[in-house]
Amino acid sequence: MTLKLYTKQPWKTLYLAYKFHAILLVLMPAWSITYMFTRPRPTWSWRHAMIVALLRQLTTLSVVIGNLHLPDYRVVGPDAEGIWIGGAPHLITAELNIWSAVAGVTSIDIPGYWYAKKGLDPRPTLPVGSDQRVFLFLHGGGFTLSSAHPKALTSNLPRSLVDLVDDAPYALAVEYRLSSSYPFTEEHPFPTALLDALAGYNHLVSIMGYSPSNIIVVGDSAGGNIALALTRYLVENKGTTKVPLPGPPGRLLLSSPSVDLSQSHLTSGSSVLIHDMDILGDAYGDLRRVPYGRSAYVGPFGFGMASCNRYVSPASLSPLMQAQFKGFPRTFIIAGGAERLLDPMRTLRDRMLRDMGQADVTYHEAEDAIHDYLIFSWHPSRAASLTSVRKWLA
């Protein structure tokens with residue numbers, strides 16, 4: 001059956017019932033026995049290996065499962081400190097104006113959610129102090145899944161960040177519009193998420209009164225890609241007289257960022273191929289397939305755009321890629337040693353070091369850690385990595 005058939009009822013229920021029974025009755029017993037004697041990584045415990053194997057299966061099924069009733073851009077979800085963020089069409093200029101026209105998208109009002117340090121008011125009180133920093137968080141989910149809402153798994157990251165240092169006690173998570181493509185409705189391709197991230201950034205500066213230099217832009221996985229694109233837009237258009245664009249952020253924090261949506265790193269010996277025990281599925285290591293989230297994100301621009309557009313794939317190895325990082329803020333890149341996407345992140349690190357120098361680029365690679373491990377509270381490398389982030393923020 002095709003993916004289109006899997007997304008229709010009753011086939012969707014039948015397919016998921018079959019897969020879940022196969023996982024529960026066949027795969028998990030097999031893993032449990034295998035991992036008693038050998039494990040994908042020598043540092044992994046039996047429990048660790050079992051969780052990663054299960055997550056890999058669920059990630060593969062995520063296109064069919066969908067977003068599990070999480071709130072999206074159309075409504076401010078309950079049981080959270082939610083707000084409406086005003087659209088910022090007046091800040092669109094240069095190439096972003098062209099890309100928006102081609103994709104048929106513009107800036108609109110979207111939800112956002114505040115995260116606060118324990119013991120403080122649920123959102124900042126105005127006026128904010130001139131010495132107060134704030135996180136702008138862009139969640140992961142392959143451009144097609146998850147949410148900024150506290151119910152989402154990715155919320156573990158901003159919830160932890162606000163407790164790291166006293167002068168950055170709040171984070172605003174942006175509920176950017178998710179991309180989708182065949183067999184679903186084709187909507188919200190690039191640069192939609194970038195427009196929404198820009199609206200969130202503008203809210204912090206123009207509505208809340210934060211200085212751009214006190215904003216720490218954060219993104220994990222696909223959100224890391226969007227965080228890089230937002231920062232690039234603010235850096236490359238700094239000082240423009242065409243639109244009242246805020247200045248670039250003071251810092252950039254990237255956790256397992258997805259930085260090469262092309263397949264340029266899919267070569268012999270690459271992490272994309274050999275790290276097949278990561279939570280990312282086999283589609284990421286197959287030249288014959290393009291992961292659904294990537295095709296949905298590039299949308300009408302086609303997959304060729306992923307090779308040469310510096311806003312989409314700043315770590316692409318294509319000779320057509322001209323990605324510069326001069327003028328970028330101090331940056332911290334977090335990577336897992338067992339990630340499929342490790343090599344693209346190392347390419348990003350090297351390019352940023354080339355243009356920015358060692359003083360402004362910090363790279364932290366956790367041994368044997370999986371993709372986006374900071375969102376998993378159980379992961380053994382999480383505490384040490386957050387400690388490194390705290391020192392970087394100090």
# chains A, B, ... in the order shown; residues from 1 in each chain; ligands from 1
call {"tool": "residues_around", "arguments": {"residues": "Val243 of chain A", "least_positions_apart": "2", "cutoff": "7 Å", "atoms": "only C-alpha atoms", "output": "PyMOL selection string"}}
result
chain A and resi 90-91+93+240-241+245
call {"tool": "select_by_dssp", "arguments": {"residues": "segment 135-305 of chain A", "states": "alpha helix (DSSP H)", "output": "VMD selection string"}}
result
chain A and resid 156 to 161 192 to 202 222 to 236 271 to 274 292 to 298 305
call {"tool": "residues_around", "arguments": {"residues": "segment 103-113 of chain A", "least_positions_apart": "5", "cutoff": "6 Å", "atoms": "only C-alpha atoms", "output": "VMD selection string"}}
result
chain A and resid 73 76 81 to 89 172 to 175 195
call {"tool": "closest_residue", "arguments": {"among": "A:Leu386, A:Val235, A:Met305, A:Ala22", "to": "Phe328 of chain A", "atoms": "only C-alpha atoms"}}
result
A:Val235
call {"tool": "residues_around", "arguments": {"residues": "segment 55-60 of chain A", "least_positions_apart": "5", "cutoff": "9 Å", "atoms": "only C-alpha atoms", "output": "PyMOL selection string"}}
result
chain A and resi 23+50+65+277-283
call {"tool": "write_last_selection", "arguments": {"atoms": "all heavy atoms", "output": "CSV table (one decimal), in the first residue's frame"}}
result
chain,number,residue,atom,x,y,z
A,23,ILE,N,5.8,-4.4,16.7
A,23,ILE,CA,6.8,-3.8,17.6
A,23,ILE,C,6.7,-4.5,19.0
A,23,ILE,O,7.7,-4.9,19.5
A,23,ILE,CB,6.6,-2.3,17.8
A,23,ILE,CG1,6.9,-1.6,16.4
A,23,ILE,CG2,7.5,-1.7,18.9
A,23,ILE,CD1,6.6,-0.1,16.4
A,50,MET,N,17.1,-0.1,24.3
A,50,MET,CA,15.7,-0.4,24.1
A,50,MET,C,14.9,0.8,23.7
A,50,MET,O,14.1,0.9,22.8
A,50,MET,CB,15.1,-1.1,25.3
A,50,MET,CG,15.6,-2.5,25.5
A,50,MET,SD,15.0,-3.7,24.3
A,50,MET,CE,13.2,-3.8,24.7
A,65,ILE,N,1.3,8.7,11.9
A,65,ILE,CA,0.7,9.0,13.2
A,65,ILE,C,0.2,10.5,13.3
A,65,ILE,O,-0.9,10.8,13.8
A,65,ILE,CB,1.7,8.7,14.3
A,65,ILE,CG1,2.0,7.3,14.4
A,65,ILE,CG2,1.1,9.2,15.7
A,65,ILE,CD1,3.1,6.9,15.4
A,277,MET,N,21.8,3.4,13.9
A,277,MET,CA,21.1,3.1,15.1
A,277,MET,C,20.6,4.3,15.8
A,277,MET,O,20.1,4.3,17.0
A,277,MET,CB,22.1,2.3,16.1
A,277,MET,CG,22.4,0.9,15.6
A,277,MET,SD,20.9,-0.2,15.7
A,277,MET,CE,20.5,-0.4,13.9
A,278,ASP,N,20.7,5.4,15.2
A,278,ASP,CA,20.1,6.7,15.7
A,278,ASP,C,18.6,6.6,15.6
A,278,ASP,O,18.0,5.7,15.0
A,278,ASP,CB,20.6,7.8,14.8
A,278,ASP,CG,20.3,9.2,15.4
A,278,ASP,OD1,20.0,9.3,16.6
A,278,ASP,OD2,20.3,10.2,14.6
A,279,ILE,N,17.9,7.6,16.2
A,279,ILE,CA,16.5,7.6,16.2
A,279,ILE,C,15.9,8.0,14.9
A,279,ILE,O,14.7,7.7,14.6
A,279,ILE,CB,15.9,8.5,17.3
A,279,ILE,CG1,16.2,9.9,17.1
A,279,ILE,CG2,16.3,8.0,18.7
A,279,ILE,CD1,15.5,10.9,18.0
A,280,LEU,N,16.7,8.6,14.0
A,280,LEU,CA,16.2,9.0,12.7
A,280,LEU,C,16.2,7.7,11.8
A,280,LEU,O,17.2,6.9,11.8
A,280,LEU,CB,17.1,10.0,12.1
A,280,LEU,CG,17.1,11.4,12.8
A,280,LEU,CD1,18.1,12.3,12.1
A,280,LEU,CD2,15.7,12.0,12.9
A,281,GLY,N,15.2,7.6,11.0
A,281,GLY,CA,14.9,6.3,10.3
A,281,GLY,C,15.8,6.2,9.0
A,281,GLY,O,16.6,7.0,8.7
A,282,ASP,N,15.6,5.1,8.3
A,282,ASP,CA,16.4,4.7,7.2
A,282,ASP,C,16.3,5.7,6.0
A,282,ASP,O,17.1,5.7,5.1
A,282,ASP,CB,16.1,3.3,6.7
A,282,ASP,CG,16.5,2.2,7.7
A,282,ASP,OD1,17.4,2.6,8.5
A,282,ASP,OD2,15.9,1.1,7.7
A,283,ALA,N,15.2,6.5,6.0
A,283,ALA,CA,15.0,7.4,4.8
A,283,ALA,C,16.1,8.4,4.8
A,283,ALA,O,16.4,8.9,3.7
A,283,ALA,CB,13.6,8.1,5.0
call {"tool": "atom_distance", "arguments": {"atom1": "atom CA of Ser130 of chain A", "atom2": "atom CA of Leu204 of chain A"}}
result
12.9 Å
call {"tool": "residues_around", "arguments": {"residues": "Arg39 of chain A", "least_positions_apart": "3", "cutoff": "12 Å", "atoms": "only C-alpha atoms", "output": "MDAnalysis selection string"}}
result
chainID A and resid 31:36 42:50 52:53 277 368
call {"tool": "closest_residue", "arguments": {"among": "A:Asp121, A:Glu367, A:Asp131, A:Glu95", "to": "Tyr210 of chain A", "atoms": "only C-alpha atoms"}}
result
A:Asp131
call {"tool": "residues_around", "arguments": {"residues": "Ser271 of chain A", "least_positions_apart": "2", "cutoff": "10 Å", "atoms": "only C-alpha atoms", "output": "compact mmCIF listing (two decimals) with N, CA, C and O atoms, in the first residue's frame"}}
result
# COMPACT_ATOMS: atom_id res chain seq x y z
N HIS A 265 25.87 14.93 2.02
CA HIS A 265 26.70 14.19 2.97
C HIS A 265 26.45 12.68 2.92
O HIS A 265 27.04 11.94 3.71
N LEU A 266 25.58 12.26 2.01
CA LEU A 266 25.26 10.84 1.93
C LEU A 266 26.30 10.15 1.06
O LEU A 266 26.06 9.80 -0.09
N THR A 267 27.48 9.96 1.63
CA THR A 267 28.59 9.33 0.93
C THR A 267 29.15 8.19 1.78
O THR A 267 28.87 8.10 2.98
N SER A 268 29.96 7.36 1.18
CA SER A 268 30.52 6.20 1.88
C SER A 268 31.29 6.63 3.13
O SER A 268 32.12 7.54 3.09
N GLY A 269 30.98 5.99 4.24
CA GLY A 269 31.65 6.29 5.50
C GLY A 269 31.05 7.45 6.27
O GLY A 269 31.50 7.74 7.39
N LEU A 273 25.14 7.46 6.89
CA LEU A 273 24.99 6.05 6.54
C LEU A 273 25.33 5.11 7.70
O LEU A 273 24.58 4.18 7.99
N ILE A 274 26.44 5.36 8.38
CA ILE A 274 26.92 4.37 9.35
C ILE A 274 26.25 4.49 10.72
O ILE A 274 26.25 3.53 11.48
N HIS A 275 25.68 5.64 11.03
CA HIS A 275 25.00 5.79 12.32
C HIS A 275 23.53 5.40 12.19
O HIS A 275 22.63 6.18 12.49
N ASP A 276 23.30 4.17 11.76
CA ASP A 276 21.94 3.71 11.48
C ASP A 276 21.20 3.25 12.73
O ASP A 276 20.05 2.81 12.63
N ASP A 278 20.69 5.44 15.16
CA ASP A 278 20.13 6.69 15.66
C ASP A 278 18.60 6.60 15.62
O ASP A 278 18.02 5.69 15.02
N GLY A 285 19.18 7.79 5.20
CA GLY A 285 20.39 7.18 4.67
C GLY A 285 20.15 6.47 3.35
O GLY A 285 20.89 5.55 2.99
N GLY A 337 27.29 12.20 19.34
CA GLY A 337 28.27 11.40 18.62
C GLY A 337 27.70 10.23 17.85
O GLY A 337 28.38 9.65 17.00
N ALA A 338 26.44 9.86 18.12
CA ALA A 338 25.81 8.74 17.42
C ALA A 338 24.74 9.21 16.43
O ALA A 338 23.96 8.41 15.94
N GLU A 339 24.70 10.50 16.15
CA GLU A 339 23.66 11.04 15.26
C GLU A 339 23.95 10.74 13.79
O GLU A 339 25.10 10.77 13.35
N ARG A 340 22.89 10.52 13.04
CA ARG A 340 23.03 10.44 11.59
C ARG A 340 23.52 11.78 11.03
O ARG A 340 24.29 11.82 10.07
N LEU A 341 23.06 12.86 11.61
CA LEU A 341 23.35 14.20 11.09
C LEU A 341 24.65 14.78 11.64
O LEU A 341 24.89 15.99 11.53
N LEU A 342 25.51 13.95 12.22
CA LEU A 342 26.74 14.44 12.84
C LEU A 342 27.67 15.12 11.83
O LEU A 342 28.19 16.21 12.10
N ASP A 343 27.91 14.50 10.69
CA ASP A 343 28.84 15.07 9.72
C ASP A 343 28.38 16.43 9.19
O ASP A 343 29.20 17.35 9.07
N PRO A 344 27.10 16.62 8.85
CA PRO A 344 26.67 17.97 8.46
C PRO A 344 26.90 19.01 9.56
O PRO A 344 27.27 20.14 9.27
call {"tool": "residues_around", "arguments": {"residues": "Ile215 of chain A", "least_positions_apart": "3", "cutoff": "12 Å", "atoms": "only C-alpha atoms", "output": "ChimeraX atom specification"}}
result
/A:130-137,167-172,200-205,208-212,218,231,246-253,329-330,393
call {"tool": "atom_distance", "arguments": {"atom1": "atom CA of Ile226 of chain A", "atom2": "atom CA of Leu138 of chain A"}}
result
7.2 Å
call {"tool": "atom_distance", "arguments": {"atom1": "atom CA of Ala199 of chain A", "atom2": "atom CA of Ser180 of chain A"}}
result
20.8 Å
call {"tool": "select_by_dssp", "arguments": {"residues": "segment 90-293 of chain A", "states": "strand (DSSP E or B)", "output": "number ranges by chain"}}
result
A: 110-116, 134-138, 170-174, 180, 187, 215-220, 251-255
call {"tool": "write_last_selection", "arguments": {"atoms": "C-alpha atoms", "output": "PDB file, in the first residue's frame"}}
result
ATOM      1  CA  ILE A 110       0.557  33.054  15.395  1.00  0.00           C
ATOM      2  CA  PRO A 111       0.559  31.700  18.960  1.00  0.00           C
ATOM      3  CA  GLY A 112       3.526  31.689  21.277  1.00  0.00           C
ATOM      4  CA  TYR A 113       4.099  30.216  24.734  1.00  0.00           C
ATOM      5  CA  TRP A 114       6.061  31.620  27.632  1.00  0.00           C
ATOM      6  CA  TYR A 115       8.299  29.432  29.800  1.00  0.00           C
ATOM      7  CA  ALA A 116       9.464  30.822  33.126  1.00  0.00           C
ATOM      8  CA  VAL A 134      15.512  36.072  26.994  1.00  0.00           C
ATOM      9  CA  PHE A 135      15.379  32.907  24.895  1.00  0.00           C
ATOM     10  CA  LEU A 136      13.500  32.710  21.605  1.00  0.00           C
ATOM     11  CA  PHE A 137      12.806  28.999  21.077  1.00  0.00           C
ATOM     12  CA  LEU A 138      12.056  27.237  17.778  1.00  0.00           C
ATOM     13  CA  TYR A 170      12.129  33.442  30.366  1.00  0.00           C
ATOM     14  CA  ALA A 171      11.743  31.784  26.969  1.00  0.00           C
ATOM     15  CA  LEU A 172       9.199  32.512  24.263  1.00  0.00           C
ATOM     16  CA  ALA A 173       8.456  29.475  22.084  1.00  0.00           C
ATOM     17  CA  VAL A 174       7.033  30.269  18.644  1.00  0.00           C
ATOM     18  CA  SER A 180       2.997  19.485   4.763  1.00  0.00           C
ATOM     19  CA  GLU A 187       0.991  24.084   2.581  1.00  0.00           C
ATOM     20  CA  ILE A 215      18.069  37.721  22.842  1.00  0.00           C
ATOM     21  CA  ILE A 216      19.352  34.137  22.661  1.00  0.00           C
ATOM     22  CA  VAL A 217      17.874  32.387  19.631  1.00  0.00           C
ATOM     23  CA  VAL A 218      17.537  28.641  20.247  1.00  0.00           C
ATOM     24  CA  GLY A 219      16.488  25.804  17.977  1.00  0.00           C
ATOM     25  CA  ASP A 220      16.650  22.017  18.089  1.00  0.00           C
ATOM     26  CA  ARG A 251      23.698  34.617  20.905  1.00  0.00           C
ATOM     27  CA  LEU A 252      22.683  31.529  18.937  1.00  0.00           C
ATOM     28  CA  LEU A 253      22.198  28.088  20.506  1.00  0.00           C
ATOM     29  CA  LEU A 254      21.752  25.102  18.191  1.00  0.00           C
ATOM     30  CA  SER A 255      20.899  21.626  19.479  1.00  0.00           C
TER      31      SER A 255
END
call {"tool": "decode", "arguments": {"residues": "segment 160-208 of chain A", "atoms": "N, CA and C atoms", "output": "short mmCIF file (atom, residue, chain, number, x, y, z; two decimals), in the first residue's frame"}}
result
data_model
loop_
_atom_site.label_atom_id
_atom_site.label_comp_id
_atom_site.auth_asym_id
_atom_site.auth_seq_id
_atom_site.Cartn_x
_atom_site.Cartn_y
_atom_site.Cartn_z
N SER A 160 14.17 23.69 30.57
CA SER A 160 15.47 23.55 31.24
C SER A 160 16.32 24.80 31.09
N LEU A 161 16.26 25.44 29.95
CA LEU A 161 17.11 26.60 29.69
C LEU A 161 16.83 27.75 30.65
N VAL A 162 15.56 27.98 30.97
CA VAL A 162 15.22 29.14 31.81
C VAL A 162 15.72 28.98 33.24
N ASP A 163 16.12 27.78 33.62
CA ASP A 163 16.63 27.56 34.97
C ASP A 163 18.16 27.59 35.04
N LEU A 164 18.83 27.87 33.91
CA LEU A 164 20.28 27.79 33.89
C LEU A 164 20.96 29.01 34.50
N VAL A 165 20.51 30.21 34.12
CA VAL A 165 21.15 31.44 34.62
C VAL A 165 20.08 32.42 35.07
N ASP A 166 20.41 33.25 36.04
CA ASP A 166 19.42 34.16 36.63
C ASP A 166 19.00 35.30 35.72
N ASP A 167 19.87 35.73 34.81
CA ASP A 167 19.52 36.88 33.99
C ASP A 167 18.81 36.51 32.68
N ALA A 168 18.47 35.22 32.51
CA ALA A 168 17.68 34.78 31.35
C ALA A 168 16.58 33.84 31.84
N PRO A 169 15.60 34.38 32.58
CA PRO A 169 14.62 33.52 33.25
C PRO A 169 13.38 33.19 32.43
N TYR A 170 13.32 33.68 31.18
CA TYR A 170 12.13 33.44 30.37
C TYR A 170 12.51 32.98 28.96
N ALA A 171 11.60 32.20 28.37
CA ALA A 171 11.74 31.78 26.97
C ALA A 171 10.39 31.92 26.29
N LEU A 172 10.41 32.44 25.08
CA LEU A 172 9.20 32.51 24.26
C LEU A 172 9.34 31.50 23.14
N ALA A 173 8.45 30.50 23.12
CA ALA A 173 8.46 29.48 22.08
C ALA A 173 7.44 29.84 21.02
N VAL A 174 7.86 29.83 19.77
CA VAL A 174 7.03 30.27 18.64
C VAL A 174 6.31 29.08 18.02
N GLU A 175 5.00 29.20 17.90
CA GLU A 175 4.19 28.15 17.26
C GLU A 175 4.16 28.39 15.75
N TYR A 176 5.31 28.14 15.12
CA TYR A 176 5.38 28.40 13.68
C TYR A 176 4.54 27.38 12.91
N ARG A 177 4.15 27.79 11.72
CA ARG A 177 3.32 26.92 10.88
C ARG A 177 4.14 25.75 10.34
N LEU A 178 3.59 24.54 10.45
CA LEU A 178 4.26 23.33 10.02
C LEU A 178 4.04 23.08 8.53
N SER A 179 5.05 22.57 7.88
CA SER A 179 4.95 22.26 6.46
C SER A 179 4.24 20.92 6.26
N SER A 180 3.59 20.77 5.13
CA SER A 180 3.00 19.48 4.76
C SER A 180 2.98 19.37 3.24
N SER A 181 2.95 18.13 2.78
CA SER A 181 2.98 17.86 1.35
C SER A 181 2.21 16.58 1.06
N TYR A 182 2.21 16.14 -0.18
CA TYR A 182 1.51 14.92 -0.56
C TYR A 182 1.90 13.77 0.37
N PRO A 183 0.97 12.98 0.86
CA PRO A 183 -0.45 12.89 0.47
C PRO A 183 -1.38 13.81 1.26
N PHE A 184 -0.83 14.73 2.03
CA PHE A 184 -1.65 15.68 2.77
C PHE A 184 -1.75 16.98 1.97
N THR A 185 -2.43 17.96 2.53
CA THR A 185 -2.53 19.26 1.88
C THR A 185 -1.14 19.88 1.77
N GLU A 186 -0.82 20.40 0.60
CA GLU A 186 0.48 21.02 0.40
C GLU A 186 0.40 22.47 0.88
N GLU A 187 1.06 22.74 2.02
CA GLU A 187 0.99 24.08 2.58
C GLU A 187 2.20 24.38 3.46
N HIS A 188 2.43 25.67 3.66
CA HIS A 188 3.44 26.21 4.58
C HIS A 188 4.87 25.76 4.28
N PRO A 189 5.30 25.80 3.03
CA PRO A 189 6.70 25.48 2.74
C PRO A 189 7.61 26.64 3.15
N PHE A 190 8.91 26.44 3.01
CA PHE A 190 9.85 27.53 3.17
C PHE A 190 9.39 28.71 2.31
N PRO A 191 9.40 29.95 2.81
CA PRO A 191 9.99 30.41 4.06
C PRO A 191 8.96 30.69 5.17
N THR A 192 7.86 29.91 5.20
CA THR A 192 6.79 30.20 6.17
C THR A 192 7.31 30.21 7.61
N ALA A 193 8.03 29.17 7.98
CA ALA A 193 8.53 29.09 9.36
C ALA A 193 9.47 30.25 9.68
N LEU A 194 10.26 30.67 8.70
CA LEU A 194 11.15 31.80 8.90
C LEU A 194 10.35 33.08 9.15
N LEU A 195 9.27 33.27 8.42
CA LEU A 195 8.40 34.44 8.64
C LEU A 195 7.84 34.43 10.06
N ASP A 196 7.44 33.25 10.53
CA ASP A 196 6.87 33.15 11.88
C ASP A 196 7.94 33.37 12.95
N ALA A 197 9.15 32.87 12.70
CA ALA A 197 10.25 33.10 13.64
C ALA A 197 10.58 34.59 13.71
N LEU A 198 10.53 35.26 12.56
CA LEU A 198 10.78 36.69 12.53
C LEU A 198 9.72 37.45 13.32
N ALA A 199 8.46 37.01 13.22
CA ALA A 199 7.39 37.64 14.00
C ALA A 199 7.64 37.48 15.49
N GLY A 200 8.07 36.30 15.90
CA GLY A 200 8.37 36.07 17.31
C GLY A 200 9.51 36.93 17.80
N TYR A 201 10.54 37.06 16.98
CA TYR A 201 11.69 37.91 17.33
C TYR A 201 11.25 39.36 17.45
N ASN A 202 10.44 39.81 16.50
CA ASN A 202 9.95 41.19 16.53
C ASN A 202 9.10 41.45 17.77
N HIS A 203 8.34 40.45 18.22
CA HIS A 203 7.53 40.59 19.42
C HIS A 203 8.41 40.87 20.63
N LEU A 204 9.51 40.14 20.74
CA LEU A 204 10.41 40.35 21.87
C LEU A 204 11.01 41.75 21.87
N VAL A 205 11.33 42.26 20.68
CA VAL A 205 11.98 43.56 20.58
C VAL A 205 10.97 44.70 20.65
N SER A 206 9.95 44.65 19.79
CA SER A 206 9.05 45.79 19.62
C SER A 206 7.93 45.84 20.65
N ILE A 207 7.48 44.68 21.12
CA ILE A 207 6.37 44.65 22.08
C ILE A 207 6.89 44.51 23.51
N MET A 208 7.82 43.60 23.73
CA MET A 208 8.32 43.35 25.08
C MET A 208 9.43 44.32 25.48
#
